[in-house]
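The structure appears right after this line, and notes come after that.
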Amino acid sequence: MSVLEFKNVTKSFGEGIHQTDVLKDINLEVQEGEFLVLLGFSGTGKTTLINLMAGLELPSKGSVTFKGQPITGPGPERGVIFQNYSLMPWLTVNGNVGLAVDTMFPGLSKAERAEKVSHYVKMVGLGHATGRRPAELSGGMRQRVNVARALAMNPEVLLLDEPLSALDALTRANLADEIEHIWEADKKTCVLITNDVDEAIILADRIIALNPDGTLGEEFKVSIPRPRERTEMNHHEGFKRLRADVTNYLMDVGIEAKVEGTRVLPDVTAIHNIPKAQVDAQAGDSTRTDKYLEFSRLHKIYPTPKGPLTVVEDFDLKLNKGEFISLIGHSGCGKSTVLTMAAGLNPISKGVINLDGRAVLDADPERAVVFQSPNLFPWLTAKENVAVGVDKVYPRASQAERQDVVEYYLERVGLGDSMDKQASDLSNGMKQRVGIARAFALSPKLLLLDEPFGMLDSLTRWELQEVLMEVWDRTKVTAICVTHDVDEAILLADRVVMMTNGPQATIGKIVDVDLPRPRTRKALLEHPDYYRYRQQVLDFLEEYEHGAKPKKPAASAIAAE
């Protein structure tokens with residue numbers, strides 16, 4: 001039986017020449033008891049679609065009905081869980097959930113209402129935190145309160161608008177599992193918006209892609225038996241095939257060839273790449289390419305009131321020139337600490353980092369960093385933000401040559417038409433493109449990337465990973481990328497370096513990724529060895545998920561001779 005139905009629905013905003021059709025000619029039926037996932041890039045109208053189901057928006061054309069009746073506004077039969085949790089900060093967990101129970105069941109006694117509150121709070125695993133206020137809860141726990149509050153309305157349909165997107169990967173996976181368990185227990189009709197392909201396949205009976213032009217795209221039936229355990233899915237041929245099909249479709253319709261190439265990079269050399277023989281008669285030989293970057297017995301120790309705290313211990317690693325390393329591990333394992341020491345932004349407590357034969361002592365443009373937040377000057381244009389560093393590292397180049405360098409890299413990252421826009425007018429994805437262009441334009445000896453796509457939705461991350469790989473393939477700069485994303489780690493790297501849990505974090509395992517370059521996500525998903533590499537990383541992360549003690553790796557396992 002159809003619960004929700006869209007007939008020829010178009011939703012527009014603005015008027016006249018300023019009118020924009022966000023959704024066009026939508027025809028959709030949601031069946032009772034099914035788990036439907038709507039999957040697409042940012043800006044494809046996913047939230048507008050779910051707002052129409054909730055009655056928070058009305059269609060410009062066509063009709064949206066619930067059990068055959070037109071939806072004219074919000075109703076308790078349609079519970080909504082948003083990306084941002086709007087909890088009452090002065091109320092406890094029980095108090096926030098109690099608001100919904102009191103609204104829906106005013107005729108019950110106080111004891112009966114309290115029993116209902118307790119039921120829903122325990123359902124989302126917060127029985128131990130009933131008296132805490134939102135400020136005392138983690139992001140994942142606050143979202144659980146949001147879920148409990150929506151369930152307490154006892155809706156017939158649960159509408160989930162990217163409820164997990166603001167959470168870290170582990171919390172996101174755990175809460176997704178709880179939502180699935182709740183759905184299985186009550187068999188409520190669920191509609192989930194997400195941009196995460198794995199999450200969609202794990203949860204859905206049916207996946208529908210949204211196209212960038214606001215139309216419905218291809219539909220994918222998910223026939224994989226439940227329960228769908230995440231680790232087991234890595235070996236499931238049906239999961240792999242569906243994952244590749246959905247990924248290929250989204251990349252075909254959503255990631256267009258945005259990389260341009262009308263400009264030619266001028267023949268200029270950054271000051272830190274001038275051969276040593278030109279500046280030091282004692283330098284003699286050209287720079288060595290093996291052991292180009294060396295971390296030797298690296299430690300980071302912080303003073304605390306209880307004594308010294310060793311965050312990173314005995315970190316030993318050697319990189320060849322032009323090698324790309326991914327650094328992965330659970331939150332708090334010291335990944336970013338290692339990166340900031342390599343950048344010269346964080347003093348080394350013990351040990352040494354050598355780059356191209358010289359010790360890293362402080363910050364230098366020879367080591368370019370792309371952070372999770374791009375840190376642009378908002379009052380400058382994209383071009384001016386990149387030029388700030390270029391003017392310093394190419395002192396012997398003419399102004400025209402420096403300008404060519406700036407514009408070349410902005411074109412490479414797909415900003416040829418936006419380089420004169422102010423940073424404040426750019427989307428988060430475009431700002432990160434500027435950050436990537438700025439880093440490459442410095443012609444660094446070492447590129448350091450600290451979760452550069454962590455603040456972006458997963459499909460925008462795909463796009464920028466493609467951009468990063470394309471530009472890196474041209475420059476072959478030595479690079480280290482800190483990430484928590486297993487697929488990103490394998491996609492980018494020659495080696496995946498896995499860190500044990502902190503404190504006293506060190507290297508636990510290294511996986512050599514022998515996959516052909518240049519790489520594309522499509523090609524890797526079809527490579528016979530891809531899921532073998534993925535399983536090695538997943539196994540390591542699972543081993544350390546619950547606070548396992550770090551194990552000292554064999555020296556032979558961590559040196560690239």
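Identifiers for the structure tokens are assigned positionally: chains receive A, B, ... in sequence, residues are indexed from 1 per chain, and ligands are indexed from 1 in the order shown.
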>> So that I can see what lies close to A:Glu184, please list as a PyMOL selection string the residues with an atom at most 12 Å from it, counting only C-alpha atoms and leaving out residues fewer than 4 positions away in the same chain.
In response: chain A and resi 33-35+177-180+188-190+203-205+226-227
> When DSSP works through the backbone of this structure, what residues of stretch 467-545 of chain A end up as helix (DSSP H, G or I), shown as a PyMOL selection string?
Replying inline: chain A and resi 467-475+486-492+521-525+530-543
Could you pull out the residues in stretch 14-181 of chain A that DSSP calls strand (DSSP E) from the backbone, as an mmCIF file with N, CA and C atoms, in the first residue's frame?
```cif
data_model
loop_
_atom_site.group_PDB
_atom_site.id
_atom_site.type_symbol
_atom_site.label_atom_id
_atom_site.label_comp_id
_atom_site.auth_asym_id
_atom_site.auth_seq_id
_atom_site.Cartn_x
_atom_site.Cartn_y
_atom_site.Cartn_z
ATOM 1 N N THR A 20 13.649 29.602 -9.745
ATOM 2 C CA THR A 20 14.481 28.406 -9.862
ATOM 3 C C THR A 20 13.651 27.185 -9.528
ATOM 4 N N ASP A 21 13.634 26.224 -10.424
ATOM 5 C CA ASP A 21 12.952 24.952 -10.171
ATOM 6 C C ASP A 21 13.917 24.019 -9.453
ATOM 7 N N VAL A 22 13.674 23.811 -8.162
ATOM 8 C CA VAL A 22 14.544 22.924 -7.369
ATOM 9 C C VAL A 22 14.199 21.468 -7.630
ATOM 10 N N LEU A 23 12.905 21.166 -7.749
ATOM 11 C CA LEU A 23 12.446 19.823 -8.090
ATOM 12 C C LEU A 23 11.548 19.912 -9.323
ATOM 13 N N LYS A 24 11.668 18.931 -10.213
ATOM 14 C CA LYS A 24 10.915 18.982 -11.475
ATOM 15 C C LYS A 24 10.216 17.648 -11.738
ATOM 16 N N ASP A 25 8.926 17.714 -11.936
ATOM 17 C CA ASP A 25 8.135 16.562 -12.399
ATOM 18 C C ASP A 25 8.428 15.291 -11.605
ATOM 19 N N ILE A 26 8.280 15.383 -10.284
ATOM 20 C CA ILE A 26 8.560 14.244 -9.418
ATOM 21 C C ILE A 26 7.327 13.346 -9.316
ATOM 22 N N ASN A 27 7.501 12.095 -9.671
ATOM 23 C CA ASN A 27 6.482 11.071 -9.482
ATOM 24 C C ASN A 27 7.091 9.967 -8.619
ATOM 25 N N LEU A 28 6.502 9.756 -7.442
ATOM 26 C CA LEU A 28 7.127 8.865 -6.464
ATOM 27 C C LEU A 28 6.063 8.281 -5.547
ATOM 28 N N GLU A 29 6.182 7.000 -5.258
ATOM 29 C CA GLU A 29 5.328 6.351 -4.264
ATOM 30 C C GLU A 29 6.210 5.712 -3.197
ATOM 31 N N VAL A 30 5.870 5.954 -1.932
ATOM 32 C CA VAL A 30 6.557 5.331 -0.800
ATOM 33 C C VAL A 30 5.604 4.299 -0.207
ATOM 34 N N GLN A 31 6.046 3.047 -0.175
ATOM 35 C CA GLN A 31 5.185 1.960 0.275
ATOM 36 C C GLN A 31 5.198 1.830 1.797
ATOM 37 N N PHE A 35 11.837 0.964 3.768
ATOM 38 C CA PHE A 35 12.914 1.889 4.113
ATOM 39 C C PHE A 35 13.470 2.421 2.796
ATOM 40 N N LEU A 36 13.075 3.661 2.464
ATOM 41 C CA LEU A 36 13.482 4.293 1.219
ATOM 42 C C LEU A 36 14.610 5.270 1.499
ATOM 43 N N VAL A 37 15.649 5.231 0.678
ATOM 44 C CA VAL A 37 16.763 6.180 0.803
ATOM 45 C C VAL A 37 16.841 7.028 -0.458
ATOM 46 N N LEU A 38 16.895 8.347 -0.261
ATOM 47 C CA LEU A 38 17.097 9.307 -1.347
ATOM 48 C C LEU A 38 18.541 9.771 -1.285
ATOM 49 N N LEU A 39 19.249 9.562 -2.379
ATOM 50 C CA LEU A 39 20.696 9.740 -2.388
ATOM 51 C C LEU A 39 21.087 10.732 -3.469
ATOM 52 N N LYS A 61 3.609 22.934 -8.227
ATOM 53 C CA LYS A 61 2.720 22.243 -9.163
ATOM 54 C C LYS A 61 2.600 20.801 -8.699
ATOM 55 N N GLY A 62 1.484 20.154 -9.063
ATOM 56 C CA GLY A 62 1.294 18.758 -8.706
ATOM 57 C C GLY A 62 0.759 18.591 -7.297
ATOM 58 N N SER A 63 0.759 17.350 -6.816
ATOM 59 C CA SER A 63 0.182 17.060 -5.495
ATOM 60 C C SER A 63 1.061 16.096 -4.713
ATOM 61 N N VAL A 64 1.052 16.279 -3.384
ATOM 62 C CA VAL A 64 1.702 15.356 -2.453
ATOM 63 C C VAL A 64 0.619 14.887 -1.490
ATOM 64 N N THR A 65 0.450 13.565 -1.383
ATOM 65 C CA THR A 65 -0.615 13.028 -0.539
ATOM 66 C C THR A 65 -0.078 12.033 0.476
ATOM 67 N N PHE A 66 -0.800 11.947 1.620
ATOM 68 C CA PHE A 66 -0.521 10.939 2.644
ATOM 69 C C PHE A 66 -1.773 10.081 2.790
ATOM 70 N N GLN A 69 -4.764 11.523 1.029
ATOM 71 C CA GLN A 69 -5.229 12.860 1.377
ATOM 72 C C GLN A 69 -4.119 13.879 1.157
ATOM 73 N N PRO A 70 -4.451 15.064 0.584
ATOM 74 C CA PRO A 70 -3.418 16.063 0.334
ATOM 75 C C PRO A 70 -2.723 16.499 1.626
ATOM 76 N N ARG A 78 3.708 12.144 10.713
ATOM 77 C CA ARG A 78 4.962 12.236 9.956
ATOM 78 C C ARG A 78 6.019 12.883 10.842
ATOM 79 N N GLY A 79 6.839 12.050 11.489
ATOM 80 C CA GLY A 79 7.884 12.558 12.382
ATOM 81 C C GLY A 79 9.146 12.877 11.599
ATOM 82 N N VAL A 80 9.759 14.018 11.919
ATOM 83 C CA VAL A 80 10.942 14.462 11.179
ATOM 84 C C VAL A 80 12.148 14.544 12.116
ATOM 85 N N ILE A 81 13.276 14.006 11.649
ATOM 86 C CA ILE A 81 14.551 14.145 12.364
ATOM 87 C C ILE A 81 15.490 14.902 11.446
ATOM 88 N N VAL A 157 5.141 7.515 9.795
ATOM 89 C CA VAL A 157 6.265 7.636 8.865
ATOM 90 C C VAL A 157 7.367 8.426 9.550
ATOM 91 N N LEU A 158 8.593 7.927 9.448
ATOM 92 C CA LEU A 158 9.747 8.614 10.007
ATOM 93 C C LEU A 158 10.559 9.208 8.860
ATOM 94 N N LEU A 159 10.730 10.527 8.875
ATOM 95 C CA LEU A 159 11.454 11.236 7.824
ATOM 96 C C LEU A 159 12.787 11.714 8.392
ATOM 97 N N LEU A 160 13.875 11.260 7.800
ATOM 98 C CA LEU A 160 15.205 11.525 8.345
ATOM 99 C C LEU A 160 16.014 12.352 7.343
ATOM 100 N N ASP A 161 16.271 13.609 7.692
ATOM 101 C CA ASP A 161 16.962 14.536 6.800
ATOM 102 C C ASP A 161 18.438 14.620 7.181
#
```
> Which residue, A:Ile301, A:Leu151, A:Leu56, A:Leu242, has the smallest gap to A:Leu99 when you use only C-alpha atoms?
Replying inline: A:Leu151
>> Residues within 6 Å of stretch 132-141 of chain A, please, as number ranges by chain. Count only C-alpha atoms; anything in the same chain fewer than 4 positions from it doesn't count.
In response: A: 89, 91-93
>> Can you tell me which residues surround A:Gly502 at a distance of at most 7 Å, considering only C-alpha atoms, apart from same-chain residues fewer than 6 positions away, and format the answer as a VMD selection string?
In response: chain A and resid 311 332 to 334
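When only C-alpha atoms are used to compute distances to A:Lys300, the closest of the residues A:Trp379, A:Phe105, A:Trp462, A:Phe315 turns out to be A:Phe315.
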Within 8 Å of A:Leu442, counting only C-alpha atoms, which residues qualify if same-chain residues fewer than 2 places away don't, as an mmCIF file with C-alpha atoms, in the first residue's frame?
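The resulting part-v3.cif:
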```
data_model
loop_
_atom_site.group_PDB
_atom_site.id
_atom_site.type_symbol
_atom_site.label_atom_id
_atom_site.label_comp_id
_atom_site.auth_asym_id
_atom_site.auth_seq_id
_atom_site.Cartn_x
_atom_site.Cartn_y
_atom_site.Cartn_z
ATOM 1 C CA ALA A 270 60.125 28.237 -6.252
ATOM 2 C CA PRO A 365 56.508 27.304 2.434
ATOM 3 C CA GLU A 366 58.503 24.283 1.248
ATOM 4 C CA ALA A 368 52.394 23.322 2.214
ATOM 5 C CA GLY A 389 51.977 32.626 -1.110
ATOM 6 C CA VAL A 390 53.025 32.623 -4.769
ATOM 7 C CA VAL A 393 58.078 31.768 -3.174
ATOM 8 C CA ARG A 438 47.170 27.469 -3.027
ATOM 9 C CA ALA A 439 49.123 24.493 -1.692
ATOM 10 C CA PHE A 440 50.153 23.185 -5.129
ATOM 11 C CA PRO A 444 56.250 22.538 -2.190
#
```
>> Nearest residue to A:Thr48 out of A:Leu293, A:Val9, A:Ile208, A:Ala148, using only C-alpha atoms?
In response: A:Val9
> A:Lys476, A:His128, A:Lys122, A:Arg461: which is nearest A:Asn428, counting only C-alpha atoms?
Replying inline: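 Once distances to A:Asn428 are computed over only C-alpha atoms, the minimum belongs to A:Arg461.
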For stretch 328-411 of chain A versus stretch 316-321 of chain A, which residues have an atom no more than 12 Å away, and what is each residue's nearest atom pair and distance in Å rounded to one decimal, using only C-alpha atoms, chain-then-number order, as a tab-separated table?
```
residue	atom	partner	partner_atom	distance
A:Val338	CA	A:Asp316	CA	10.8
A:Ala342	CA	A:Leu317	CA	11.9
A:Lys350	CA	A:Asp316	CA	11.9
A:Gly351	CA	A:Asp316	CA	9.3
A:Val352	CA	A:Asp316	CA	9.6
A:Ile353	CA	A:Asp316	CA	9.5
A:Asn354	CA	A:Lys318	CA	9.6
A:Leu355	CA	A:Leu319	CA	9.5
A:Asp356	CA	A:Lys321	CA	8.7
A:Gly357	CA	A:Lys321	CA	11.8
```
>> Residues near A:Pro347, anyone? I mean within 10 Å using only C-alpha atoms, not counting same-chain ones fewer than 2 positions away, as a PyMOL selection string.
In response: chain A and resi 299-301+337+340-345+349-350+360-362
Those selected residues, please, written with all heavy atoms and delivered as a CSV table (one decimal), in the first residue's frame.
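Heads up, here's the output in result.csv:
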```
chain,number,residue,atom,x,y,z
A,299,HIS,N,58.8,11.8,19.0
A,299,HIS,CA,57.9,11.8,20.1
A,299,HIS,C,57.2,13.2,20.2
A,299,HIS,O,57.8,14.2,19.9
A,299,HIS,CB,58.7,11.6,21.4
A,299,HIS,CG,59.2,10.2,21.7
A,299,HIS,ND1,60.2,9.7,20.8
A,299,HIS,CD2,58.9,9.3,22.6
A,299,HIS,CE1,60.5,8.4,21.3
A,299,HIS,NE2,59.7,8.2,22.4
A,300,LYS,N,56.0,13.2,20.8
A,300,LYS,CA,55.4,14.4,21.2
A,300,LYS,C,54.9,14.2,22.6
A,300,LYS,O,54.0,13.4,22.9
A,300,LYS,CB,54.2,14.8,20.2
A,300,LYS,CG,53.6,16.1,20.6
A,300,LYS,CD,54.6,17.3,20.5
A,300,LYS,CE,54.0,18.6,21.1
A,300,LYS,NZ,55.0,19.7,21.0
A,301,ILE,N,55.4,15.1,23.5
A,301,ILE,CA,55.1,15.0,24.9
A,301,ILE,C,54.5,16.4,25.4
A,301,ILE,O,55.1,17.4,25.1
A,301,ILE,CB,56.3,14.6,25.7
A,301,ILE,CG1,56.9,13.3,25.2
A,301,ILE,CG2,56.0,14.5,27.2
A,301,ILE,CD1,58.3,13.0,25.7
A,337,THR,N,48.8,15.4,15.0
A,337,THR,CA,50.0,15.8,15.8
A,337,THR,C,51.3,15.5,14.9
A,337,THR,O,52.1,16.4,14.8
A,337,THR,CB,50.1,15.1,17.1
A,337,THR,OG1,48.9,15.4,17.9
A,337,THR,CG2,51.3,15.5,17.9
A,340,THR,N,51.3,18.1,12.0
A,340,THR,CA,51.7,19.5,12.4
A,340,THR,C,53.2,19.6,12.8
A,340,THR,O,53.8,20.6,12.6
A,340,THR,CB,50.8,20.0,13.5
A,340,THR,OG1,50.8,19.1,14.6
A,340,THR,CG2,49.4,20.2,13.1
A,341,MET,N,53.7,18.5,13.3
A,341,MET,CA,55.2,18.5,13.6
A,341,MET,C,55.9,18.5,12.2
A,341,MET,O,56.9,19.2,12.1
A,341,MET,CB,55.6,17.3,14.4
A,341,MET,CG,55.2,17.4,15.9
A,341,MET,SD,56.0,16.2,16.9
A,341,MET,CE,55.0,14.7,16.5
A,342,ALA,N,55.5,17.8,11.2
A,342,ALA,CA,56.1,17.8,9.9
A,342,ALA,C,56.0,19.1,9.3
A,342,ALA,O,56.9,19.6,8.5
A,342,ALA,CB,55.5,16.7,9.0
A,343,ALA,N,54.9,19.9,9.6
A,343,ALA,CA,54.7,21.2,9.0
A,343,ALA,C,55.6,22.2,9.7
A,343,ALA,O,55.7,23.4,9.2
A,343,ALA,CB,53.3,21.6,9.1
A,344,GLY,N,56.1,21.9,10.9
A,344,GLY,CA,56.9,22.9,11.6
A,344,GLY,C,56.0,23.8,12.5
A,344,GLY,O,56.4,24.8,13.0
A,345,LEU,N,54.7,23.4,12.6
A,345,LEU,CA,53.8,24.2,13.4
A,345,LEU,C,53.7,23.7,14.8
A,345,LEU,O,53.0,24.3,15.6
A,345,LEU,CB,52.4,24.1,12.7
A,345,LEU,CG,52.3,24.6,11.3
A,345,LEU,CD1,50.9,24.3,10.7
A,345,LEU,CD2,52.6,26.1,11.2
A,349,SER,N,59.2,17.0,20.5
A,349,SER,CA,59.7,16.8,21.8
A,349,SER,C,60.9,16.0,21.8
A,349,SER,O,61.9,16.3,22.5
A,349,SER,CB,58.6,16.1,22.7
A,349,SER,OG,57.4,16.8,22.7
A,350,LYS,N,61.0,14.9,21.0
A,350,LYS,CA,62.2,14.0,20.9
A,350,LYS,C,62.2,13.5,19.5
A,350,LYS,O,61.1,13.4,18.8
A,350,LYS,CB,62.1,12.9,21.9
A,350,LYS,CG,62.3,13.2,23.3
A,350,LYS,CD,62.1,12.1,24.3
A,350,LYS,CE,62.9,10.8,24.0
A,350,LYS,NZ,62.7,9.7,24.9
A,360,VAL,N,63.6,19.6,10.0
A,360,VAL,CA,62.4,20.4,10.0
A,360,VAL,C,62.4,21.1,11.4
A,360,VAL,O,62.4,20.4,12.4
A,360,VAL,CB,61.1,19.6,9.8
A,360,VAL,CG1,59.9,20.5,10.2
A,360,VAL,CG2,61.0,19.1,8.4
A,361,LEU,N,62.5,22.4,11.4
A,361,LEU,CA,62.6,23.2,12.7
A,361,LEU,C,61.4,24.1,12.9
A,361,LEU,O,61.0,24.3,14.0
A,361,LEU,CB,63.9,24.0,12.7
A,361,LEU,CG,65.2,23.2,12.6
A,361,LEU,CD1,66.4,24.1,12.6
A,361,LEU,CD2,65.3,22.2,13.8
A,362,ASP,N,60.9,24.7,11.8
A,362,ASP,CA,59.8,25.6,12.0
A,362,ASP,C,59.0,25.6,10.6
A,362,ASP,O,59.4,24.9,9.7
A,362,ASP,CB,60.2,27.0,12.4
A,362,ASP,CG,61.4,27.5,11.5
A,362,ASP,OD1,61.5,27.1,10.3
A,362,ASP,OD2,62.1,28.4,11.9
```
>> To one decimal place in Å, what is the distance between atom CA of A:Thr44 and atom CA of A:Leu210?
In response: 6.2 Å
